[in-house]
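As provided, run-v2.cif (mmCIF, C-alpha atoms) reads as follows.
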```cif
data_target
#
loop_
_atom_site.label_atom_id
_atom_site.label_comp_id
_atom_site.auth_asym_id
_atom_site.auth_seq_id
_atom_site.Cartn_x
_atom_site.Cartn_y
_atom_site.Cartn_z
CA MET R 10 113.48 130.14 86.98
CA ALA R 11 110.71 131.61 89.08
CA GLU R 12 111.44 135.19 88.02
CA LYS R 13 110.72 134.36 84.36
CA GLU R 14 107.28 133.09 85.26
CA CYS R 15 106.40 136.07 87.45
CA SER R 16 103.76 138.40 86.08
CA SER R 17 105.94 141.36 86.96
CA SER R 18 109.18 139.85 85.68
CA SER R 19 109.82 142.66 83.23
CA SER R 20 110.56 144.99 86.12
CA CYS R 21 111.80 142.46 88.67
CA SER R 22 115.48 141.81 89.29
CA LYS R 23 115.10 139.44 92.25
CA GLU R 24 116.44 135.90 92.00
CA SER R 25 113.57 134.60 94.11
CA CYS R 26 109.85 135.37 94.36
CA GLU R 27 109.92 134.98 98.16
CA GLY R 28 108.53 138.11 99.80
CA CYS R 29 107.32 139.56 96.52
CA PRO R 30 103.80 141.07 96.65
CA SER R 31 103.09 139.35 93.35
CA ALA R 32 104.05 135.94 94.73
CA GLY R 33 101.12 133.59 94.27
CA LYS R 34 99.76 135.47 91.28
CA GLU R 35 102.24 133.81 88.96
CA GLN R 36 101.22 130.37 90.28
CA LYS R 37 97.84 130.61 88.59
CA GLY R 38 99.58 130.13 85.25
CA PHE R 39 100.63 126.64 86.35
CA ALA R 40 97.10 125.50 87.30
CA VAL R 41 95.89 122.31 85.62
CA ASP R 42 92.23 121.85 84.72
CA MET R 43 90.37 119.14 86.61
CA ASN R 44 88.89 116.31 84.55
CA VAL R 45 85.50 117.47 83.26
CA TYR R 46 83.85 114.42 84.84
CA SER R 47 85.24 115.24 88.28
CA ASP R 48 83.76 117.47 90.95
CA VAL R 49 86.19 117.74 93.86
CA LYS R 50 85.20 120.21 96.57
CA HIS R 51 88.44 120.27 98.58
CA VAL R 52 92.03 119.18 98.00
CA ILE R 53 94.10 118.50 101.13
CA GLY R 54 97.84 117.85 100.99
CA ILE R 55 99.47 115.52 103.52
CA VAL R 56 103.13 116.56 103.71
CA SER R 57 106.30 116.05 105.71
CA GLY R 58 109.73 117.61 105.81
CA LYS R 59 111.41 114.18 105.74
CA GLY R 60 110.63 110.54 105.11
CA GLY R 61 109.89 107.81 107.61
CA VAL R 62 107.26 109.64 109.65
CA GLY R 63 104.29 107.52 108.56
CA LYS R 64 102.70 110.04 106.23
CA SER R 65 100.83 107.42 104.20
CA MET R 66 99.49 105.86 107.39
CA VAL R 67 98.17 109.26 108.45
CA THR R 68 96.69 109.88 104.99
CA ALA R 69 94.87 106.55 104.91
CA SER R 70 93.73 106.86 108.55
CA LEU R 71 92.27 110.32 107.91
CA ALA R 72 90.59 109.09 104.74
CA ASN R 73 88.96 106.23 106.69
CA LEU R 74 87.82 108.60 109.42
CA LEU R 75 86.27 111.06 106.97
CA ALA R 76 84.60 108.23 105.03
CA SER R 77 83.12 106.87 108.27
CA LYS R 78 81.52 110.28 108.82
CA GLY R 79 79.73 110.06 105.47
CA TYR R 80 82.07 112.18 103.36
CA ARG R 81 82.99 111.15 99.82
CA VAL R 82 86.77 110.72 99.90
CA GLY R 83 89.57 110.05 97.44
CA ILE R 84 93.31 109.51 97.83
CA MET R 85 95.81 110.67 95.22
CA ASP R 86 99.03 108.76 95.87
CA ALA R 87 101.48 111.40 94.66
CA ASP R 88 104.50 109.60 96.12
CA ILE R 89 105.30 108.24 92.66
CA THR R 90 108.62 106.59 93.50
CA GLY R 91 107.44 105.13 96.81
CA PRO R 92 103.71 104.40 96.51
CA SER R 93 102.18 102.46 99.39
CA ILE R 94 98.46 103.30 99.47
CA PRO R 95 97.28 100.48 97.12
CA ARG R 96 99.18 97.86 99.12
CA MET R 97 97.65 99.09 102.37
CA TYR R 98 94.14 98.64 100.98
CA GLY R 99 94.86 95.46 99.05
CA LEU R 100 94.20 97.16 95.70
CA LYS R 101 95.57 95.82 92.44
CA GLY R 102 95.64 97.20 88.93
CA PRO R 103 95.42 97.77 86.17
CA ALA R 104 92.99 100.65 86.68
CA GLN R 105 90.30 100.79 84.04
CA ALA R 106 89.96 103.64 81.55
CA ASP R 107 87.57 104.82 78.86
CA GLU R 108 87.47 107.67 76.36
CA ASN R 109 86.74 110.11 79.21
CA GLY R 110 89.69 109.24 81.41
CA ILE R 111 91.09 106.84 84.00
CA LEU R 112 88.84 105.39 86.68
CA PRO R 113 90.17 105.27 90.26
CA VAL R 114 90.03 101.98 92.14
CA LEU R 115 87.63 101.65 95.07
CA THR R 116 88.62 100.42 98.52
CA ASP R 117 86.30 98.22 100.57
CA ASN R 118 85.08 101.36 102.38
CA ASP R 119 84.40 103.23 99.11
CA ILE R 120 87.46 105.48 99.04
CA LYS R 121 88.63 106.25 95.51
CA VAL R 122 92.36 105.69 94.98
CA MET R 123 94.77 106.49 92.19
CA SER R 124 98.43 105.52 92.31
CA ILE R 125 101.20 104.71 89.87
CA ASN R 126 101.07 101.13 91.20
CA LEU R 127 97.56 100.84 89.79
CA LEU R 128 98.83 101.72 86.30
CA MET R 129 102.03 99.68 86.04
CA PRO R 130 101.99 96.01 85.03
CA ASP R 131 104.49 95.15 87.77
CA PRO R 132 103.85 97.01 91.06
CA GLU R 133 107.31 95.99 92.30
CA ALA R 134 109.14 97.55 89.35
CA PRO R 135 111.07 100.70 90.37
CA VAL R 136 109.97 104.04 88.99
CA VAL R 137 113.23 105.54 87.72
CA TRP R 138 112.01 108.87 86.41
CA ARG R 139 113.42 112.37 86.55
CA GLY R 140 111.61 115.20 88.33
CA PRO R 141 109.72 116.68 85.34
CA ILE R 142 108.22 113.29 84.45
CA LEU R 143 107.16 112.70 88.05
CA ALA R 144 105.55 116.14 88.09
CA ASN R 145 103.68 115.47 84.85
CA MET R 146 102.30 112.21 86.23
CA VAL R 147 100.86 114.05 89.23
CA LYS R 148 99.21 116.54 86.88
CA GLN R 149 97.67 113.65 84.97
CA PHE R 150 96.29 112.24 88.20
CA TRP R 151 94.27 115.47 88.36
CA SER R 152 93.42 116.07 84.70
CA ASP R 153 92.99 112.51 83.41
CA VAL R 154 91.43 110.68 86.38
CA ILE R 155 87.64 110.66 86.68
CA TRP R 156 87.27 111.34 90.39
CA GLY R 157 83.52 111.93 90.18
CA GLU R 158 81.96 113.78 93.11
CA LEU R 159 84.27 114.04 96.12
CA ASP R 160 84.07 116.09 99.28
CA TYR R 161 87.78 115.61 99.97
CA LEU R 162 90.72 114.50 97.88
CA LEU R 163 93.71 113.73 100.11
CA VAL R 164 97.06 114.00 98.34
CA ASP R 165 99.72 111.76 99.86
CA MET R 166 102.87 113.62 98.87
CA PRO R 167 106.49 112.46 98.90
CA PRO R 168 108.67 113.85 101.68
CA GLY R 169 110.65 117.03 101.31
CA THR R 170 110.19 120.15 99.22
CA GLY R 171 111.08 118.93 95.74
CA ASP R 172 109.42 118.74 92.33
CA VAL R 173 106.26 116.85 93.25
CA PRO R 174 105.18 118.96 96.26
CA LEU R 175 105.94 122.08 94.23
CA THR R 176 103.83 120.76 91.34
CA VAL R 177 100.92 119.90 93.64
CA PHE R 178 100.99 123.36 95.25
CA GLN R 179 101.17 125.16 91.89
CA SER R 180 98.94 122.95 89.72
CA LEU R 181 96.14 121.77 92.02
CA PRO R 182 93.67 123.95 93.96
CA VAL R 183 95.01 122.93 97.38
CA ASP R 184 92.77 124.21 100.18
CA GLY R 185 95.22 123.37 102.94
CA ILE R 186 97.86 120.96 104.20
CA LEU R 187 98.49 118.83 107.24
CA ILE R 188 102.13 118.45 108.27
CA VAL R 189 103.14 115.02 109.61
CA THR R 190 106.10 114.70 111.95
CA SER R 191 107.51 112.52 114.74
CA PRO R 192 108.64 113.17 118.35
CA GLN R 193 112.38 113.21 117.59
CA GLU R 194 114.68 116.13 118.33
CA LEU R 195 114.69 117.34 114.75
CA VAL R 196 110.90 117.72 114.79
CA GLN R 197 111.01 121.52 114.72
CA MET R 198 113.26 121.54 111.67
CA ILE R 199 110.96 119.06 109.91
CA VAL R 200 107.86 121.12 110.65
CA LYS R 201 109.53 124.41 109.73
CA LYS R 202 110.67 123.16 106.31
CA ALA R 203 107.14 122.18 105.34
CA TYR R 204 105.70 125.26 107.05
CA ASN R 205 108.03 127.65 105.20
CA MET R 206 107.35 126.05 101.83
CA ALA R 207 103.59 126.30 102.34
CA LYS R 208 103.91 129.94 103.38
CA MET R 209 106.02 130.72 100.31
CA MET R 210 103.32 129.15 98.13
CA ASN R 211 100.43 130.82 99.99
CA ILE R 212 98.96 127.45 101.04
CA PRO R 213 96.96 127.39 104.32
CA ILE R 214 98.28 125.07 107.04
CA LEU R 215 95.49 123.22 108.81
CA GLY R 216 97.64 121.72 111.53
CA VAL R 217 100.47 119.37 112.44
CA VAL R 218 100.08 115.68 113.24
CA GLU R 219 102.60 113.84 115.42
CA ASN R 220 102.96 110.20 114.50
CA TYR R 221 104.68 107.56 116.68
CA SER R 222 103.81 109.74 119.67
CA CYS R 223 104.16 106.85 122.11
CA LEU R 224 103.61 103.15 122.60
CA LYS R 225 100.77 102.09 124.87
CA CYS R 226 101.49 99.03 126.95
CA PRO R 227 98.86 96.40 126.03
CA ASP R 228 98.76 95.18 129.65
CA CYS R 229 98.68 98.30 131.82
CA GLY R 230 97.98 101.06 129.28
CA LYS R 231 101.08 103.05 130.27
CA GLU R 232 102.35 105.38 127.54
CA ILE R 233 106.00 104.76 126.66
CA PRO R 234 107.71 107.54 124.63
CA ILE R 235 110.08 105.24 122.72
CA PHE R 236 111.10 108.00 120.27
CA GLY R 237 111.59 110.57 123.02
CA LYS R 238 109.38 113.09 124.72
CA SER R 239 106.92 114.85 122.43
CA LYS R 240 108.02 118.25 121.17
CA VAL R 241 105.14 118.92 118.81
CA ASP R 242 103.29 121.23 121.20
CA ALA R 243 106.27 123.59 121.44
CA ALA R 244 106.83 123.53 117.68
CA ALA R 245 103.15 124.15 116.95
CA LYS R 246 102.95 126.98 119.50
CA GLU R 247 105.98 128.71 118.02
CA LEU R 248 104.44 128.65 114.54
CA GLY R 249 100.85 129.26 115.63
CA LEU R 250 99.63 125.87 114.39
CA LEU R 251 96.94 123.48 115.59
CA VAL R 252 98.11 120.13 116.94
CA ALA R 253 95.77 118.05 114.80
CA GLY R 254 96.54 114.72 116.41
CA LYS R 255 99.05 112.69 118.39
CA LEU R 256 99.09 109.12 117.11
CA PRO R 257 100.50 106.32 119.26
CA LEU R 258 102.19 103.32 117.69
CA ASP R 259 99.44 100.77 117.07
CA PRO R 260 100.48 97.25 116.01
CA LYS R 261 96.90 96.56 114.89
CA LEU R 262 97.14 99.29 112.24
CA THR R 263 100.41 97.81 110.99
CA GLU R 264 98.85 94.35 110.81
CA LEU R 265 95.90 95.65 108.79
CA SER R 266 98.24 97.51 106.46
CA ASP R 267 100.46 94.47 105.88
CA ALA R 268 97.36 92.34 105.23
CA GLY R 269 95.97 94.83 102.71
CA GLU R 270 92.94 95.37 104.93
CA PHE R 271 93.44 98.98 105.99
CA ALA R 272 89.82 99.77 105.10
CA LYS R 273 89.02 98.21 108.50
CA ALA R 274 91.37 100.56 110.37
CA VAL R 275 89.95 103.04 112.86
CA ASN R 276 92.17 105.81 114.24
CA PRO R 277 90.22 108.16 116.52
CA HIS R 278 93.37 110.09 117.40
CA LEU R 279 92.90 112.05 114.16
CA GLU R 280 89.58 113.60 115.21
CA PRO R 281 91.19 117.09 115.52
CA ALA R 282 92.50 116.76 111.96
CA ALA R 283 89.08 115.68 110.68
CA ALA R 284 87.51 118.66 112.45
CA ALA R 285 90.06 121.03 110.88
CA VAL R 286 89.28 119.63 107.46
CA ALA R 287 85.52 119.82 108.06
CA VAL R 288 85.82 123.57 108.72
CA LEU R 289 86.65 123.96 105.03
CA ASP R 290 83.22 122.59 104.18
CA VAL R 291 81.61 125.25 106.37
CA LYS R 292 83.56 127.97 104.60
CA HIS R 293 82.83 126.54 101.16
#
```
Take the structure in the file and give it back as structure tokens.
Amino acid sequence: MAEKECSSSSSCSKESCEGCPSAGKEQKGFAVDMNVYSDVKHVIGIVSGKGGVGKSMVTASLANLLASKGYRVGIMDADITGPSIPRMYGLKGPAQADENGILPVLTDNDIKVMSINLLMPDPEAPVVWRGPILANMVKQFWSDVIWGELDYLLVDMPPGTGDVPLTVFQSLPVDGILIVTSPQELVQMIVKKAYNMAKMMNIPILGVVENYSCLKCPDCGKEIPIFGKSKVDAAAKELGLLVAGKLPLDPKLTELSDAGEFAKAVNPHLEPAAAAVAVLDVKH
């Protein structure tokens, strides 16, 4: 329970650490040391309140955009039970290792990737693990993987607010998160779930990205809101968040992903997100 881990637990009778002035202090005890052969400047979490919003597509698109700007980028595929990053880039395991740790696999555009699918002999075998084991695997992706020198490590997290997101927030030095959502009616609930969890964990929120914003007609260029009118501006305004991108449906990106050639993908609609991330480098 959270109260047992709290530094002031001897005098605390609360069932939850939410609102406690000591909240955040106790999280330091969960921090995991980075591999000694890694030098990662910034860790960015890509999160969502629910599945099916294209979070991995946003993660990979942002990684490509940052890499094209000359940054050294890595992707930690923390969605252990539903990994998709290696398939998008056409990467296959097994990842190599030596006495110093596990070596990430390089994409064609020099992005370093680590995923459970790069460690398992059969990438199609289901990962039927309980929460604590999933959490420990994510920790090992930080402590045992030789990331080398990176400007940004993007963590593609599973949807929701369960064990793995909690582990990432408590164990890794996360500099900020981007919340991914879609234009549907429940968008505000989705954003607020991720927003409230980040606030509880004292994690900065860099902005919200709306995926599937519209479909552009290939003939006339008209924008068709097939998932409904965008509501991300209202949700972001209510919470005081930056709209870090509105991504239209792009069949070309899907084709590249299915072909394992996502290293060729260019998604300029994420420029606001890249700018928000780049601010961290200025503050560093």
request  = May I have the residues within 9 Å of Pro257 of chain R as a list of chain:residue names, using only C-alpha atoms and disregarding those fewer than 2 positions away in the same chain?
outcome  = R:Glu219, R:Asn220, R:Tyr221, R:Ser222, R:Cys223, R:Leu224, R:Lys225, R:Glu232, R:Lys255, R:Asp259, R:His278
Would you write out those residues with C-alpha atoms, as a compact mmCIF listing (two decimals), keeping the file's coordinate frame?
```txt
# COMPACT_ATOMS: atom_id res chain seq x y z
CA GLU R 219 102.60 113.84 115.42
CA ASN R 220 102.96 110.20 114.50
CA TYR R 221 104.68 107.56 116.68
CA SER R 222 103.81 109.74 119.67
CA CYS R 223 104.16 106.85 122.11
CA LEU R 224 103.61 103.15 122.60
CA LYS R 225 100.77 102.09 124.87
CA GLU R 232 102.35 105.38 127.54
CA LYS R 255 99.05 112.69 118.39
CA ASP R 259 99.44 100.77 117.07
CA HIS R 278 93.37 110.09 117.40
```
Determine the axis-aligned bounding box of all atoms of segment 203-220 of chain R present in the file, pad each side by 3 Å, and express its centre and edge lengths in Å to one decimal place as JSON.
```
{"center_x": 101.8, "center_y": 120.5, "center_z": 106.8, "size_x": 18.5, "size_y": 26.6, "size_z": 23.3}
```
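Excluding segment 184-188 of chain R itself and any same-chain residue fewer than 4 positions from it, the protein and nucleic acid residues within 7 Å of it, counting all atoms listed in the file, are His51, Val52, Ile53, Gly54, Ile55, Val56, Ser57, Val200, Ala203, Ile212, Pro213, Ile214, Leu215, Gly216, Val217 and Val218 of chain R.
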ask   = By how many Å are atom CA of Gly230 of chain R and atom CA of Gly60 of chain R apart?
value = 28.9 Å
For the interface of segment 158-201 of chain R with segment 119-122 of chain R (cut-off 10 Å, counting all atoms listed in the file), please tabulate each contacting residue of segment 158-201 of chain R alongside its nearest pair of atoms and their separation in Å to one decimal, rows sorted by chain and increasing number, as CSV.
```
residue,atom,partner,partner_atom,distance
R:Leu159,CA,R:Lys121,CA,8.9
R:Leu162,CA,R:Lys121,CA,8.8
R:Leu163,CA,R:Val122,CA,9.6
```
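Nearest to Gly169 of chain R of all the residues R:Met129, R:Met206, R:Ala144, R:Val241 is R:Met206, counting all atoms listed in the file.
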note = atom CA of Gly79 of chain R to atom CA of Val67 of chain R measures 18.7 Å
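Computed from the coordinates, the atom CA of Met85 of chain R to atom CA of Met198 of chain R distance equals 26.3 Å.
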Output: segment 118-231 of chain R of the preceding structure, restricted to C-alpha atoms, written as a short mmCIF file (atom, residue, chain, number, x, y, z; two decimals), in the first residue's frame.
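result.cif was written with the following content:
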```
data_model
loop_
_atom_site.label_atom_id
_atom_site.label_comp_id
_atom_site.auth_asym_id
_atom_site.auth_seq_id
_atom_site.Cartn_x
_atom_site.Cartn_y
_atom_site.Cartn_z
CA ASN R 118 16.98 5.74 -39.38
CA ASP R 119 19.22 4.98 -36.37
CA ILE R 120 16.58 4.91 -33.64
CA LYS R 121 17.44 2.50 -30.84
CA VAL R 122 14.58 0.15 -29.92
CA MET R 123 14.01 -2.31 -27.12
CA SER R 124 10.88 -4.45 -26.89
CA ILE R 125 9.87 -7.80 -25.45
CA ASN R 126 9.41 -8.99 -29.05
CA LEU R 127 13.14 -8.54 -29.57
CA LEU R 128 13.89 -10.89 -26.68
CA MET R 129 11.40 -13.72 -27.23
CA PRO R 130 12.12 -16.57 -29.65
CA ASP R 131 8.59 -16.38 -31.05
CA PRO R 132 7.31 -12.79 -31.47
CA GLU R 133 3.76 -14.12 -31.92
CA ALA R 134 3.71 -15.97 -28.59
CA PRO R 135 1.41 -14.27 -26.05
CA VAL R 136 2.94 -12.70 -22.97
CA VAL R 137 0.80 -14.10 -20.16
CA TRP R 138 2.40 -12.44 -17.16
CA ARG R 139 1.00 -10.88 -14.02
CA GLY R 140 1.46 -7.20 -13.22
CA PRO R 141 4.60 -7.45 -11.02
CA ILE R 142 6.47 -9.40 -13.70
CA LEU R 143 5.48 -6.89 -16.37
CA ALA R 144 6.68 -4.08 -14.11
CA ASN R 145 10.01 -5.80 -13.49
CA MET R 146 10.57 -6.22 -17.22
CA VAL R 147 10.12 -2.48 -17.74
CA LYS R 148 12.67 -1.82 -15.00
CA GLN R 149 15.11 -4.13 -16.76
CA PHE R 150 14.61 -2.21 -19.98
CA TRP R 151 16.10 0.73 -18.07
CA SER R 152 18.74 -0.97 -15.92
CA ASP R 153 19.94 -3.76 -18.22
CA VAL R 154 19.75 -2.18 -21.69
CA ILE R 155 22.80 -0.30 -22.97
CA TRP R 156 21.11 2.74 -24.48
CA GLY R 157 24.37 4.64 -24.98
CA GLU R 158 24.05 8.39 -25.50
CA LEU R 159 20.49 9.51 -26.19
CA ASP R 160 18.90 12.93 -26.26
CA TYR R 161 15.41 11.45 -25.92
CA LEU R 162 14.08 8.08 -24.86
CA LEU R 163 10.40 7.76 -25.78
CA VAL R 164 8.49 5.25 -23.66
CA ASP R 165 5.52 3.74 -25.47
CA MET R 166 3.31 2.78 -22.54
CA PRO R 167 0.28 0.48 -22.43
CA PRO R 168 -3.10 2.19 -22.14
CA GLY R 169 -4.70 2.96 -18.82
CA THR R 170 -3.33 3.65 -15.37
CA GLY R 171 -2.18 0.20 -14.26
CA ASP R 172 1.04 -1.44 -13.11
CA VAL R 173 3.30 -0.54 -16.03
CA PRO R 174 2.53 3.21 -16.23
CA LEU R 175 2.85 3.38 -12.45
CA THR R 176 6.22 1.61 -12.61
CA VAL R 177 7.49 3.92 -15.34
CA PHE R 178 6.44 7.03 -13.40
CA GLN R 179 8.00 5.79 -10.15
CA SER R 180 11.13 4.02 -11.43
CA LEU R 181 12.32 6.10 -14.40
CA PRO R 182 13.29 9.80 -14.39
CA VAL R 183 10.38 10.87 -16.60
CA ASP R 184 10.73 14.49 -17.70
CA GLY R 185 7.22 14.73 -19.09
CA ILE R 186 4.42 12.95 -20.91
CA LEU R 187 2.35 13.42 -24.03
CA ILE R 188 -1.26 12.25 -23.82
CA VAL R 189 -2.69 10.64 -26.96
CA THR R 190 -6.42 10.69 -27.59
CA SER R 191 -9.01 10.61 -30.38
CA PRO R 192 -11.91 12.90 -31.42
CA GLN R 193 -14.68 10.74 -29.91
CA GLU R 194 -17.13 11.96 -27.28
CA LEU R 195 -15.28 10.29 -24.43
CA VAL R 196 -12.12 12.24 -25.26
CA GLN R 197 -12.32 14.41 -22.15
CA MET R 198 -12.60 11.39 -19.88
CA ILE R 199 -9.62 9.77 -21.61
CA VAL R 200 -7.48 12.87 -21.25
CA LYS R 201 -8.53 13.48 -17.65
CA LYS R 202 -7.63 9.95 -16.53
CA ALA R 203 -4.08 10.29 -17.83
CA TYR R 204 -3.90 13.92 -16.68
CA ASN R 205 -4.98 13.08 -13.12
CA MET R 206 -2.55 10.18 -12.83
CA ALA R 207 0.35 12.35 -13.99
CA LYS R 208 -0.62 15.07 -11.54
CA MET R 209 -0.80 12.55 -8.68
CA MET R 210 2.70 11.37 -9.59
CA ASN R 211 4.09 14.89 -10.07
CA ILE R 212 4.91 14.24 -13.75
CA PRO R 213 4.86 17.28 -16.10
CA ILE R 214 2.39 17.11 -18.99
CA LEU R 215 3.88 18.43 -22.22
CA GLY R 216 0.67 18.38 -24.21
CA VAL R 217 -2.11 16.32 -25.75
CA VAL R 218 -2.06 14.82 -29.23
CA GLU R 219 -5.27 14.04 -31.11
CA ASN R 220 -4.94 11.09 -33.44
CA TYR R 221 -7.45 10.20 -36.19
CA SER R 222 -8.40 13.88 -36.27
CA CYS R 223 -9.88 13.62 -39.75
CA LEU R 224 -9.52 11.98 -43.13
CA LYS R 225 -8.29 14.12 -46.00
CA CYS R 226 -9.88 13.36 -49.33
CA PRO R 227 -7.06 12.35 -51.72
CA ASP R 228 -8.85 14.08 -54.62
CA CYS R 229 -10.06 17.42 -53.29
CA GLY R 230 -8.23 17.69 -49.94
CA LYS R 231 -11.46 18.16 -47.97
#
```
